[in-house]
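Source file: target.txt. Holds: compact mmCIF, N, CA and C atoms.
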# COMPACT_ATOMS: atom_id res chain seq x y z
N MET A 1 -11.37 74.30 26.45
CA MET A 1 -10.57 73.13 26.70
C MET A 1 -11.47 72.02 27.26
N PRO A 2 -11.24 70.77 26.89
CA PRO A 2 -12.09 69.67 27.35
C PRO A 2 -12.01 69.42 28.86
N ILE A 3 -13.07 68.82 29.37
CA ILE A 3 -13.15 68.38 30.76
C ILE A 3 -13.22 66.86 30.75
N ALA A 4 -12.41 66.21 31.58
CA ALA A 4 -12.40 64.75 31.66
C ALA A 4 -13.44 64.28 32.67
N LEU A 5 -14.24 63.30 32.26
CA LEU A 5 -15.19 62.63 33.16
C LEU A 5 -14.84 61.15 33.14
N THR A 6 -14.63 60.55 34.31
CA THR A 6 -14.42 59.11 34.34
C THR A 6 -15.73 58.43 34.74
N MET A 7 -15.91 57.20 34.28
CA MET A 7 -17.19 56.54 34.48
C MET A 7 -17.36 55.94 35.87
N GLY A 8 -16.30 55.87 36.66
CA GLY A 8 -16.43 55.34 38.01
C GLY A 8 -16.77 53.86 38.01
N ASP A 9 -17.48 53.42 39.03
CA ASP A 9 -17.86 52.02 39.15
C ASP A 9 -19.00 51.73 38.19
N SER A 10 -18.75 50.88 37.22
CA SER A 10 -19.74 50.60 36.18
C SER A 10 -20.98 49.89 36.70
N ALA A 11 -20.89 49.24 37.85
CA ALA A 11 -22.05 48.57 38.43
C ALA A 11 -22.76 49.47 39.43
N GLY A 12 -22.28 50.67 39.57
CA GLY A 12 -22.87 51.63 40.50
C GLY A 12 -23.51 52.78 39.76
N ILE A 13 -23.47 53.94 40.38
CA ILE A 13 -24.17 55.10 39.83
C ILE A 13 -23.29 55.95 38.91
N GLY A 14 -22.00 55.64 38.83
CA GLY A 14 -21.07 56.45 38.05
C GLY A 14 -21.49 56.73 36.62
N PRO A 15 -21.76 55.69 35.81
CA PRO A 15 -22.15 55.95 34.42
C PRO A 15 -23.45 56.75 34.30
N GLU A 16 -24.37 56.54 35.23
CA GLU A 16 -25.63 57.31 35.21
C GLU A 16 -25.36 58.79 35.47
N ILE A 17 -24.44 59.08 36.39
CA ILE A 17 -24.09 60.48 36.67
C ILE A 17 -23.48 61.12 35.43
N VAL A 18 -22.58 60.41 34.78
CA VAL A 18 -21.95 60.94 33.57
C VAL A 18 -23.01 61.21 32.49
N LEU A 19 -23.91 60.25 32.28
CA LEU A 19 -24.95 60.46 31.27
C LEU A 19 -25.87 61.61 31.64
N ALA A 20 -26.17 61.77 32.92
CA ALA A 20 -27.00 62.89 33.36
C ALA A 20 -26.29 64.22 33.08
N LEU A 21 -24.98 64.28 33.35
CA LEU A 21 -24.22 65.50 33.05
C LEU A 21 -24.23 65.80 31.56
N LEU A 22 -24.17 64.77 30.74
CA LEU A 22 -24.11 64.96 29.30
C LEU A 22 -25.45 65.37 28.69
N ARG A 23 -26.49 65.38 29.49
CA ARG A 23 -27.78 65.90 29.00
C ARG A 23 -27.71 67.41 28.80
N ASP A 24 -26.74 68.05 29.43
CA ASP A 24 -26.52 69.49 29.26
C ASP A 24 -25.69 69.67 27.99
N PRO A 25 -26.21 70.36 26.97
CA PRO A 25 -25.48 70.51 25.71
C PRO A 25 -24.08 71.12 25.87
N SER A 26 -23.90 72.01 26.83
CA SER A 26 -22.57 72.59 27.00
C SER A 26 -21.57 71.55 27.50
N MET A 27 -22.04 70.60 28.29
CA MET A 27 -21.17 69.52 28.76
C MET A 27 -20.87 68.54 27.62
N THR A 28 -21.87 68.28 26.80
CA THR A 28 -21.68 67.36 25.69
C THR A 28 -20.55 67.85 24.79
N GLN A 29 -20.48 69.15 24.58
CA GLN A 29 -19.45 69.73 23.72
C GLN A 29 -18.07 69.71 24.36
N ARG A 30 -18.00 69.84 25.70
CA ARG A 30 -16.71 69.97 26.38
C ARG A 30 -16.18 68.69 26.97
N ALA A 31 -17.03 67.71 27.21
CA ALA A 31 -16.63 66.53 27.97
C ALA A 31 -15.91 65.49 27.11
N VAL A 32 -14.90 64.91 27.72
CA VAL A 32 -14.25 63.71 27.20
C VAL A 32 -14.45 62.67 28.29
N VAL A 33 -15.06 61.54 27.93
CA VAL A 33 -15.40 60.52 28.91
C VAL A 33 -14.40 59.39 28.81
N TYR A 34 -13.90 58.95 29.97
CA TYR A 34 -12.92 57.87 30.05
C TYR A 34 -13.60 56.64 30.63
N GLY A 35 -13.51 55.53 29.92
CA GLY A 35 -14.14 54.31 30.39
C GLY A 35 -14.24 53.30 29.27
N SER A 36 -15.40 52.68 29.13
CA SER A 36 -15.63 51.64 28.14
C SER A 36 -16.81 52.02 27.26
N ARG A 37 -16.57 52.07 25.97
CA ARG A 37 -17.64 52.37 25.02
C ARG A 37 -18.76 51.32 25.13
N HIS A 38 -18.37 50.05 25.28
CA HIS A 38 -19.34 48.96 25.40
C HIS A 38 -20.22 49.13 26.64
N LEU A 39 -19.61 49.46 27.78
CA LEU A 39 -20.39 49.61 29.01
C LEU A 39 -21.29 50.84 28.98
N PHE A 40 -20.85 51.91 28.32
CA PHE A 40 -21.73 53.07 28.20
C PHE A 40 -22.93 52.73 27.31
N ALA A 41 -22.71 51.93 26.28
CA ALA A 41 -23.83 51.51 25.43
C ALA A 41 -24.82 50.65 26.23
N LEU A 42 -24.30 49.74 27.07
CA LEU A 42 -25.18 48.92 27.90
C LEU A 42 -25.93 49.77 28.93
N THR A 43 -25.24 50.74 29.52
CA THR A 43 -25.89 51.63 30.49
C THR A 43 -26.99 52.45 29.79
N HIS A 44 -26.66 52.97 28.63
CA HIS A 44 -27.63 53.75 27.86
C HIS A 44 -28.87 52.90 27.56
N GLN A 45 -28.66 51.67 27.12
CA GLN A 45 -29.76 50.76 26.82
C GLN A 45 -30.61 50.50 28.07
N HIS A 46 -29.96 50.27 29.20
CA HIS A 46 -30.66 50.01 30.46
C HIS A 46 -31.50 51.22 30.88
N LEU A 47 -30.91 52.40 30.83
CA LEU A 47 -31.63 53.61 31.25
C LEU A 47 -32.81 53.91 30.33
N ARG A 48 -32.63 53.70 29.05
CA ARG A 48 -33.74 53.93 28.11
C ARG A 48 -34.89 52.96 28.37
N SER A 49 -34.57 51.74 28.82
CA SER A 49 -35.64 50.78 29.12
C SER A 49 -36.37 51.16 30.41
N LYS A 50 -35.67 51.78 31.35
CA LYS A 50 -36.26 52.17 32.64
C LYS A 50 -36.97 53.52 32.58
N ALA A 51 -36.45 54.42 31.76
CA ALA A 51 -37.04 55.77 31.65
C ALA A 51 -37.05 56.18 30.18
N PRO A 52 -37.95 55.58 29.39
CA PRO A 52 -37.93 55.82 27.94
C PRO A 52 -38.22 57.26 27.53
N SER A 53 -38.89 58.03 28.37
CA SER A 53 -39.21 59.41 27.98
C SER A 53 -38.06 60.38 28.30
N THR A 54 -37.05 59.92 29.03
CA THR A 54 -35.91 60.77 29.37
C THR A 54 -34.92 60.75 28.20
N PRO A 55 -34.47 61.91 27.76
CA PRO A 55 -33.54 61.95 26.62
C PRO A 55 -32.10 61.64 27.05
N TRP A 56 -31.80 60.37 27.24
CA TRP A 56 -30.44 59.99 27.64
C TRP A 56 -29.51 60.16 26.45
N PRO A 57 -28.43 60.91 26.61
CA PRO A 57 -27.53 61.17 25.48
C PRO A 57 -26.62 59.98 25.18
N GLN A 58 -26.18 59.91 23.96
CA GLN A 58 -25.12 58.97 23.60
C GLN A 58 -23.80 59.63 24.00
N VAL A 59 -22.83 58.82 24.40
CA VAL A 59 -21.51 59.34 24.71
C VAL A 59 -20.75 59.47 23.39
N LYS A 60 -20.37 60.71 23.05
CA LYS A 60 -19.72 60.95 21.75
C LYS A 60 -18.20 60.94 21.86
N ASN A 61 -17.66 61.68 22.80
CA ASN A 61 -16.21 61.79 22.95
C ASN A 61 -15.76 60.86 24.06
N ILE A 62 -15.35 59.65 23.69
CA ILE A 62 -14.95 58.68 24.71
C ILE A 62 -13.53 58.19 24.44
N VAL A 63 -12.78 58.11 25.52
CA VAL A 63 -11.47 57.47 25.49
C VAL A 63 -11.71 56.08 26.08
N ASP A 64 -11.74 55.08 25.20
CA ASP A 64 -12.01 53.71 25.63
C ASP A 64 -10.71 53.11 26.14
N VAL A 65 -10.67 52.80 27.43
CA VAL A 65 -9.44 52.32 28.06
C VAL A 65 -9.40 50.79 28.20
N THR A 66 -10.31 50.09 27.55
CA THR A 66 -10.34 48.63 27.73
C THR A 66 -9.05 47.96 27.25
N ASN A 67 -8.35 48.57 26.30
CA ASN A 67 -7.07 48.00 25.87
C ASN A 67 -5.98 48.14 26.93
N ASP A 68 -6.22 48.98 27.94
CA ASP A 68 -5.26 49.16 29.02
C ASP A 68 -5.44 48.13 30.14
N LEU A 69 -6.47 47.29 30.03
CA LEU A 69 -6.81 46.34 31.09
C LEU A 69 -6.06 45.03 30.91
N PRO A 70 -5.93 44.26 32.01
CA PRO A 70 -5.44 42.89 31.85
C PRO A 70 -6.36 42.15 30.87
N GLU A 71 -5.79 41.25 30.09
CA GLU A 71 -6.54 40.57 29.03
C GLU A 71 -7.83 39.91 29.53
N GLU A 72 -7.77 39.24 30.66
CA GLU A 72 -8.96 38.56 31.17
C GLU A 72 -10.06 39.56 31.55
N ALA A 73 -9.68 40.68 32.16
CA ALA A 73 -10.67 41.69 32.54
C ALA A 73 -11.31 42.30 31.30
N ALA A 74 -10.52 42.59 30.28
CA ALA A 74 -11.05 43.15 29.04
C ALA A 74 -12.02 42.17 28.38
N ARG A 75 -11.66 40.89 28.38
CA ARG A 75 -12.52 39.87 27.78
C ARG A 75 -13.83 39.74 28.55
N ASP A 76 -13.75 39.74 29.89
CA ASP A 76 -14.96 39.61 30.71
C ASP A 76 -15.92 40.79 30.47
N ILE A 77 -15.36 41.98 30.34
CA ILE A 77 -16.19 43.16 30.08
C ILE A 77 -16.80 43.08 28.68
N ALA A 78 -16.01 42.69 27.69
CA ALA A 78 -16.51 42.60 26.32
C ALA A 78 -17.64 41.58 26.19
N ASN A 79 -17.63 40.56 27.03
CA ASN A 79 -18.64 39.50 26.96
C ASN A 79 -19.93 39.83 27.70
N LEU A 80 -19.97 40.94 28.43
CA LEU A 80 -21.19 41.30 29.16
C LEU A 80 -22.33 41.64 28.20
N LYS A 81 -23.49 41.12 28.50
CA LYS A 81 -24.70 41.44 27.74
C LYS A 81 -25.56 42.45 28.50
N ALA A 82 -25.32 42.56 29.81
CA ALA A 82 -26.01 43.51 30.68
C ALA A 82 -25.07 43.83 31.83
N ILE A 83 -25.22 45.00 32.40
CA ILE A 83 -24.38 45.41 33.52
C ILE A 83 -24.92 44.79 34.81
N PRO A 84 -24.05 44.17 35.59
CA PRO A 84 -24.49 43.58 36.86
C PRO A 84 -24.62 44.65 37.95
N PHE A 85 -25.63 45.50 37.82
CA PHE A 85 -25.80 46.61 38.76
C PHE A 85 -25.88 46.11 40.19
N GLY A 86 -25.18 46.80 41.08
CA GLY A 86 -25.22 46.49 42.50
C GLY A 86 -24.40 45.28 42.91
N ARG A 87 -23.69 44.67 41.95
CA ARG A 87 -22.87 43.51 42.28
C ARG A 87 -21.40 43.87 42.14
N THR A 88 -20.57 43.17 42.87
CA THR A 88 -19.13 43.36 42.77
C THR A 88 -18.64 42.53 41.59
N PHE A 89 -18.00 43.18 40.64
CA PHE A 89 -17.49 42.53 39.44
C PHE A 89 -16.05 42.99 39.26
N ALA A 90 -15.10 42.11 39.55
CA ALA A 90 -13.68 42.47 39.62
C ALA A 90 -13.16 43.23 38.40
N PRO A 91 -13.52 42.88 37.17
CA PRO A 91 -12.99 43.64 36.03
C PRO A 91 -13.33 45.13 36.07
N PHE A 92 -14.41 45.49 36.75
CA PHE A 92 -14.76 46.91 36.85
C PHE A 92 -13.73 47.67 37.69
N GLY A 93 -13.07 47.01 38.62
CA GLY A 93 -12.00 47.65 39.37
C GLY A 93 -10.85 48.04 38.46
N HIS A 94 -10.48 47.14 37.56
CA HIS A 94 -9.41 47.43 36.59
C HIS A 94 -9.83 48.57 35.67
N LEU A 95 -11.09 48.55 35.26
CA LEU A 95 -11.58 49.58 34.34
C LEU A 95 -11.59 50.96 34.98
N GLN A 96 -12.11 51.06 36.20
CA GLN A 96 -12.16 52.39 36.83
C GLN A 96 -10.75 52.90 37.11
N ARG A 97 -9.84 52.00 37.45
CA ARG A 97 -8.45 52.40 37.70
C ARG A 97 -7.80 52.89 36.40
N ALA A 98 -7.97 52.14 35.31
CA ALA A 98 -7.36 52.53 34.03
C ALA A 98 -7.93 53.86 33.53
N ALA A 99 -9.24 54.05 33.70
CA ALA A 99 -9.87 55.30 33.26
C ALA A 99 -9.32 56.49 34.06
N LEU A 100 -9.20 56.31 35.36
CA LEU A 100 -8.70 57.40 36.20
C LEU A 100 -7.24 57.72 35.88
N ILE A 101 -6.43 56.70 35.71
CA ILE A 101 -5.01 56.92 35.39
C ILE A 101 -4.87 57.65 34.05
N ARG A 102 -5.62 57.22 33.04
CA ARG A 102 -5.52 57.87 31.73
C ARG A 102 -5.99 59.31 31.81
N ALA A 103 -7.07 59.57 32.55
CA ALA A 103 -7.57 60.94 32.68
C ALA A 103 -6.57 61.82 33.44
N ILE A 104 -5.96 61.27 34.48
CA ILE A 104 -4.93 62.02 35.21
C ILE A 104 -3.76 62.34 34.30
N ASP A 105 -3.32 61.36 33.52
CA ASP A 105 -2.21 61.59 32.58
C ASP A 105 -2.57 62.72 31.61
N ASP A 106 -3.79 62.71 31.10
CA ASP A 106 -4.20 63.76 30.17
C ASP A 106 -4.29 65.12 30.86
N ALA A 107 -4.71 65.13 32.12
CA ALA A 107 -4.76 66.39 32.87
C ALA A 107 -3.34 66.92 33.10
N MET A 108 -2.42 66.03 33.41
CA MET A 108 -1.04 66.44 33.67
C MET A 108 -0.35 66.99 32.42
N THR A 109 -0.74 66.50 31.25
CA THR A 109 -0.14 67.00 30.01
C THR A 109 -0.89 68.18 29.42
N GLY A 110 -2.01 68.56 30.03
CA GLY A 110 -2.78 69.70 29.56
C GLY A 110 -3.79 69.36 28.46
N ALA A 111 -4.00 68.08 28.19
CA ALA A 111 -4.98 67.68 27.17
C ALA A 111 -6.41 67.98 27.64
N VAL A 112 -6.63 67.98 28.95
CA VAL A 112 -7.92 68.35 29.54
C VAL A 112 -7.65 69.39 30.63
N SER A 113 -8.65 70.23 30.87
CA SER A 113 -8.45 71.32 31.83
C SER A 113 -8.89 70.96 33.24
N ALA A 114 -9.74 69.94 33.37
CA ALA A 114 -10.25 69.55 34.68
C ALA A 114 -10.62 68.08 34.63
N LEU A 115 -10.74 67.50 35.81
CA LEU A 115 -11.05 66.08 35.93
C LEU A 115 -12.16 65.89 36.94
N PHE A 116 -13.22 65.20 36.52
CA PHE A 116 -14.33 64.84 37.40
C PHE A 116 -14.43 63.33 37.43
N PRO A 117 -13.96 62.71 38.52
CA PRO A 117 -14.12 61.25 38.62
C PRO A 117 -15.49 60.90 39.21
N ALA A 118 -16.24 60.08 38.51
CA ALA A 118 -17.51 59.60 39.05
C ALA A 118 -17.20 58.67 40.24
N PRO A 119 -18.18 58.39 41.08
CA PRO A 119 -17.93 57.58 42.27
C PRO A 119 -17.28 56.23 41.94
N LEU A 120 -16.29 55.90 42.73
CA LEU A 120 -15.53 54.67 42.56
C LEU A 120 -15.96 53.62 43.58
N HIS A 121 -15.75 52.36 43.25
CA HIS A 121 -15.89 51.27 44.21
C HIS A 121 -14.49 51.09 44.78
N LYS A 122 -14.25 51.62 45.95
CA LYS A 122 -12.89 51.72 46.48
C LYS A 122 -12.23 50.36 46.70
N ALA A 123 -12.98 49.35 47.15
CA ALA A 123 -12.39 48.04 47.37
C ALA A 123 -11.96 47.41 46.05
N LEU A 124 -12.78 47.57 45.00
CA LEU A 124 -12.38 47.04 43.68
C LEU A 124 -11.20 47.81 43.13
N PHE A 125 -11.19 49.12 43.34
CA PHE A 125 -10.07 49.94 42.88
C PHE A 125 -8.78 49.47 43.53
N LYS A 126 -8.80 49.25 44.83
CA LYS A 126 -7.63 48.80 45.55
C LYS A 126 -7.20 47.40 45.09
N ALA A 127 -8.14 46.51 44.88
CA ALA A 127 -7.83 45.15 44.44
C ALA A 127 -7.22 45.12 43.05
N ALA A 128 -7.52 46.14 42.23
CA ALA A 128 -6.99 46.18 40.87
C ALA A 128 -5.51 46.56 40.83
N GLY A 129 -4.98 47.00 41.95
CA GLY A 129 -3.56 47.30 41.99
C GLY A 129 -3.29 48.73 42.27

Serialized structure, structure tokens:
Amino acid sequence: MPIALTMGDSAGIGPEIVLALLRDPSMTQRAVVYGSRHLFALTHQHLRSKAPSTPWPQVKNIVDVTNDLPEEAARDIANLKAIPFGRTFAPFGHLQRAALIRAIDDAMTGAVSALFPAPLHKALFKAAG
């Protein structure tokens, strides 16, 4: 049965943790990642530029929750050319909240057997509602 991983705060360490977990082939087969396909691609690009010899995996099984976001937040995320690491970016609060809610819903219905939320930016999460 699949395991849900949420990407957490996209400007923090969350996506890096998820990508590090996915370096394990058994996790790659079992994991379903909740977040933004676009942001994982940007994170992957960033990590490959910083550590080109490390085999950073592509995220294969992703539930992209950007359609669950307020329109402005989804647009702001879609327009990013690079992740603002270490900065507070309000749309990421909406994204981490939507990813966690969708993963919880899937856990409650039995679509996934476990849920691992990557670290969240709690103030952004709270501000998102």

Nearest to Leu115 of chain A: which of A:Ser26, A:Thr6, A:Thr88, A:Ser53 is it, counting only C-alpha atoms?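 Smallest distance to Leu115 of chain A is found for A:Thr6.
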
I'd like to know which of A:Ala90, A:Leu124, A:Met7, A:Val33 is closest to Asp64 of chain A, using only N, CA and C atoms.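 Closest residue, counting only N, CA and C atoms: A:Val33.
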
Sphere at (-11.7, 59.5, 32.0), radius 5 Å, counting only N, CA and C atoms: residues as an mmCIF file with N, CA and C atoms, in the frame of the given file:
data_model
loop_
_atom_site.group_PDB
_atom_site.id
_atom_site.type_symbol
_atom_site.label_atom_id
_atom_site.label_comp_id
_atom_site.auth_asym_id
_atom_site.auth_seq_id
_atom_site.Cartn_x
_atom_site.Cartn_y
_atom_site.Cartn_z
ATOM 1 N N LEU A 5 -14.240 63.300 32.260
ATOM 2 C CA LEU A 5 -15.190 62.630 33.160
ATOM 3 C C LEU A 5 -14.840 61.150 33.140
ATOM 4 N N THR A 6 -14.630 60.550 34.310
ATOM 5 C CA THR A 6 -14.420 59.110 34.340
ATOM 6 C C THR A 6 -15.730 58.430 34.740
ATOM 7 N N VAL A 33 -15.060 61.540 27.930
ATOM 8 C CA VAL A 33 -15.400 60.520 28.910
ATOM 9 C C VAL A 33 -14.400 59.390 28.810
ATOM 10 N N TYR A 34 -13.900 58.950 29.970
ATOM 11 C CA TYR A 34 -12.920 57.870 30.050
ATOM 12 C C TYR A 34 -13.600 56.640 30.630
ATOM 13 N N GLY A 35 -13.510 55.530 29.920
ATOM 14 C CA GLY A 35 -14.140 54.310 30.390
ATOM 15 C C GLY A 35 -14.240 53.300 29.270
ATOM 16 N N ALA A 99 -9.240 54.050 33.700
ATOM 17 C CA ALA A 99 -9.870 55.300 33.260
ATOM 18 C C ALA A 99 -9.320 56.490 34.060
ATOM 19 N N ALA A 103 -7.070 59.570 32.550
ATOM 20 C CA ALA A 103 -7.570 60.940 32.680
ATOM 21 C C ALA A 103 -6.570 61.820 33.440
#

Here is a test: counting only C-alpha atoms, which residue of A:Val112, A:Ala73, A:Ala51, A:Ile13 is nearest to Phe85 of chain A?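 Result for the nearest residue to Phe85 of chain A: A:Ile13.
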
Pick out the residues sitting within 9 Å of Gly8 of chain A, and hand them over as a list in words; count only C-alpha atoms, and ignore anything fewer than 2 positions along from it in its own chain.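 Residues meeting the cut-off are Leu5, Thr6, Ser10, Ala11, Gly12, Ile13, Gly14, Pro15, Gly35, Phe92, Gly93, Leu95, Gln96, Arg97, Ala99, Leu100, Pro117, Ala118, Pro119, Leu120 and His121 of chain A.
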
With N, CA and C atoms retained, write the just-selected residues as a compact mmCIF listing (two decimals), in the coordinates of the input.
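Output file out.txt follows:
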# COMPACT_ATOMS: atom_id res chain seq x y z
N LEU A 5 -14.24 63.30 32.26
CA LEU A 5 -15.19 62.63 33.16
C LEU A 5 -14.84 61.15 33.14
N THR A 6 -14.63 60.55 34.31
CA THR A 6 -14.42 59.11 34.34
C THR A 6 -15.73 58.43 34.74
N SER A 10 -18.75 50.88 37.22
CA SER A 10 -19.74 50.60 36.18
C SER A 10 -20.98 49.89 36.70
N ALA A 11 -20.89 49.24 37.85
CA ALA A 11 -22.05 48.57 38.43
C ALA A 11 -22.76 49.47 39.43
N GLY A 12 -22.28 50.67 39.57
CA GLY A 12 -22.87 51.63 40.50
C GLY A 12 -23.51 52.78 39.76
N ILE A 13 -23.47 53.94 40.38
CA ILE A 13 -24.17 55.10 39.83
C ILE A 13 -23.29 55.95 38.91
N GLY A 14 -22.00 55.64 38.83
CA GLY A 14 -21.07 56.45 38.05
C GLY A 14 -21.49 56.73 36.62
N PRO A 15 -21.76 55.69 35.81
CA PRO A 15 -22.15 55.95 34.42
C PRO A 15 -23.45 56.75 34.30
N GLY A 35 -13.51 55.53 29.92
CA GLY A 35 -14.14 54.31 30.39
C GLY A 35 -14.24 53.30 29.27
N PHE A 92 -14.41 45.49 36.75
CA PHE A 92 -14.76 46.91 36.85
C PHE A 92 -13.73 47.67 37.69
N GLY A 93 -13.07 47.01 38.62
CA GLY A 93 -12.00 47.65 39.37
C GLY A 93 -10.85 48.04 38.46
N LEU A 95 -11.09 48.55 35.26
CA LEU A 95 -11.58 49.58 34.34
C LEU A 95 -11.59 50.96 34.98
N GLN A 96 -12.11 51.06 36.20
CA GLN A 96 -12.16 52.39 36.83
C GLN A 96 -10.75 52.90 37.11
N ARG A 97 -9.84 52.00 37.45
CA ARG A 97 -8.45 52.40 37.70
C ARG A 97 -7.80 52.89 36.40
N ALA A 99 -9.24 54.05 33.70
CA ALA A 99 -9.87 55.30 33.26
C ALA A 99 -9.32 56.49 34.06
N LEU A 100 -9.20 56.31 35.36
CA LEU A 100 -8.70 57.40 36.20
C LEU A 100 -7.24 57.72 35.88
N PRO A 117 -13.96 62.71 38.52
CA PRO A 117 -14.12 61.25 38.62
C PRO A 117 -15.49 60.90 39.21
N ALA A 118 -16.24 60.08 38.51
CA ALA A 118 -17.51 59.60 39.05
C ALA A 118 -17.20 58.67 40.24
N PRO A 119 -18.18 58.39 41.08
CA PRO A 119 -17.93 57.58 42.27
C PRO A 119 -17.28 56.23 41.94
N LEU A 120 -16.29 55.90 42.73
CA LEU A 120 -15.53 54.67 42.56
C LEU A 120 -15.96 53.62 43.58
N HIS A 121 -15.75 52.36 43.25
CA HIS A 121 -15.89 51.27 44.21
C HIS A 121 -14.49 51.09 44.78

d(atom N of Asp9 of chain A, atom N of Gly110 of chain A) in Å: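 Calculated distance between atom N of Asp9 of chain A and atom N of Gly110 of chain A is 23.4 Å.
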
Rank A:Asp24, A:Ala98, A:Ala4, A:Arg87 by their smallest atom-to-atom distance to Pro57 of chain A, using all atoms listed in the file, and report the top residue only.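 Among A:Asp24, A:Ala98, A:Ala4, A:Arg87, it is A:Asp24 that comes nearest to Pro57 of chain A.
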
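The residues of chain A that DSSP classifies as strand (DSSP E), using the backbone of this structure, are A:Ile3, A:Ala4, A:Leu5, A:Thr6, A:Ala31, A:Val32, A:Val33, A:Tyr34, A:Gly35, A:Ile62, A:Val63, A:Asp64, A:Ala114, A:Leu115, A:Phe116, A:Pro117.
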
Atomic separation - atom CA of Ala111 of chain A relative to atom CA of Pro2 of chain A, Å: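 Separating atom CA of Pro2 of chain A from atom CA of Ala111 of chain A is a distance of 7.4 Å.
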
Selection as a list in words: residues within 9 Å of (-14.5, 44.4, 30.6), counting only C-alpha atoms: Ser36, His38, Leu39, Thr66, Leu69, Glu71, Glu72, Ala73, Ala74, Arg75, Asp76, Ile77, Ala78, Asn79, Leu80, Pro91, Phe92, His94 and Leu95 of chain A

Residues from the last selection, N, CA and C atoms, saved as a PDB file, in the frame of the given file:
ATOM      1  N   SER A  36     -15.400  52.680  29.130  1.00  0.00           N
ATOM      2  CA  SER A  36     -15.630  51.640  28.140  1.00  0.00           C
ATOM      3  C   SER A  36     -16.810  52.020  27.260  1.00  0.00           C
ATOM      4  N   HIS A  38     -18.370  50.050  25.280  1.00  0.00           N
ATOM      5  CA  HIS A  38     -19.340  48.960  25.400  1.00  0.00           C
ATOM      6  C   HIS A  38     -20.220  49.130  26.640  1.00  0.00           C
ATOM      7  N   LEU A  39     -19.610  49.460  27.780  1.00  0.00           N
ATOM      8  CA  LEU A  39     -20.390  49.610  29.010  1.00  0.00           C
ATOM      9  C   LEU A  39     -21.290  50.840  28.980  1.00  0.00           C
ATOM     10  N   THR A  66     -10.310  50.090  27.550  1.00  0.00           N
ATOM     11  CA  THR A  66     -10.340  48.630  27.730  1.00  0.00           C
ATOM     12  C   THR A  66      -9.050  47.960  27.250  1.00  0.00           C
ATOM     13  N   LEU A  69      -6.470  47.290  30.030  1.00  0.00           N
ATOM     14  CA  LEU A  69      -6.810  46.340  31.090  1.00  0.00           C
ATOM     15  C   LEU A  69      -6.060  45.030  30.910  1.00  0.00           C
ATOM     16  N   GLU A  71      -5.790  41.250  30.090  1.00  0.00           N
ATOM     17  CA  GLU A  71      -6.540  40.570  29.030  1.00  0.00           C
ATOM     18  C   GLU A  71      -7.830  39.910  29.530  1.00  0.00           C
ATOM     19  N   GLU A  72      -7.770  39.240  30.660  1.00  0.00           N
ATOM     20  CA  GLU A  72      -8.960  38.560  31.170  1.00  0.00           C
ATOM     21  C   GLU A  72     -10.060  39.560  31.550  1.00  0.00           C
ATOM     22  N   ALA A  73      -9.680  40.680  32.160  1.00  0.00           N
ATOM     23  CA  ALA A  73     -10.670  41.690  32.540  1.00  0.00           C
ATOM     24  C   ALA A  73     -11.310  42.300  31.300  1.00  0.00           C
ATOM     25  N   ALA A  74     -10.520  42.590  30.280  1.00  0.00           N
ATOM     26  CA  ALA A  74     -11.050  43.150  29.040  1.00  0.00           C
ATOM     27  C   ALA A  74     -12.020  42.170  28.380  1.00  0.00           C
ATOM     28  N   ARG A  75     -11.660  40.890  28.380  1.00  0.00           N
ATOM     29  CA  ARG A  75     -12.520  39.870  27.780  1.00  0.00           C
ATOM     30  C   ARG A  75     -13.830  39.740  28.550  1.00  0.00           C
ATOM     31  N   ASP A  76     -13.750  39.740  29.890  1.00  0.00           N
ATOM     32  CA  ASP A  76     -14.960  39.610  30.710  1.00  0.00           C
ATOM     33  C   ASP A  76     -15.920  40.790  30.470  1.00  0.00           C
ATOM     34  N   ILE A  77     -15.360  41.980  30.340  1.00  0.00           N
ATOM     35  CA  ILE A  77     -16.190  43.160  30.080  1.00  0.00           C
ATOM     36  C   ILE A  77     -16.800  43.080  28.680  1.00  0.00           C
ATOM     37  N   ALA A  78     -16.010  42.690  27.690  1.00  0.00           N
ATOM     38  CA  ALA A  78     -16.510  42.600  26.320  1.00  0.00           C
ATOM     39  C   ALA A  78     -17.640  41.580  26.190  1.00  0.00           C
ATOM     40  N   ASN A  79     -17.630  40.560  27.030  1.00  0.00           N
ATOM     41  CA  ASN A  79     -18.640  39.500  26.960  1.00  0.00           C
ATOM     42  C   ASN A  79     -19.930  39.830  27.700  1.00  0.00           C
ATOM     43  N   LEU A  80     -19.970  40.940  28.430  1.00  0.00           N
ATOM     44  CA  LEU A  80     -21.190  41.300  29.160  1.00  0.00           C
ATOM     45  C   LEU A  80     -22.330  41.640  28.200  1.00  0.00           C
ATOM     46  N   PRO A  91     -13.520  42.880  37.170  1.00  0.00           N
ATOM     47  CA  PRO A  91     -12.990  43.640  36.030  1.00  0.00           C
ATOM     48  C   PRO A  91     -13.330  45.130  36.070  1.00  0.00           C
ATOM     49  N   PHE A  92     -14.410  45.490  36.750  1.00  0.00           N
ATOM     50  CA  PHE A  92     -14.760  46.910  36.850  1.00  0.00           C
ATOM     51  C   PHE A  92     -13.730  47.670  37.690  1.00  0.00           C
ATOM     52  N   HIS A  94     -10.480  47.140  37.560  1.00  0.00           N
ATOM     53  CA  HIS A  94      -9.410  47.430  36.590  1.00  0.00           C
ATOM     54  C   HIS A  94      -9.830  48.570  35.670  1.00  0.00           C
ATOM     55  N   LEU A  95     -11.090  48.550  35.260  1.00  0.00           N
ATOM     56  CA  LEU A  95     -11.580  49.580  34.340  1.00  0.00           C
ATOM     57  C   LEU A  95     -11.590  50.960  34.980  1.00  0.00           C
TER      58      LEU A  95
END

From segment 45-126 of chain A, collect each residue whose DSSP state is alpha helix (DSSP H) and return the set as a VMD selection string. chain A and resid 45 to 50 71 to 78 90 to 109 122 to 126

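Take atom CA of Met1 of chain A and atom CA of Ile62 of chain A: the distance between them is 15.2 Å.
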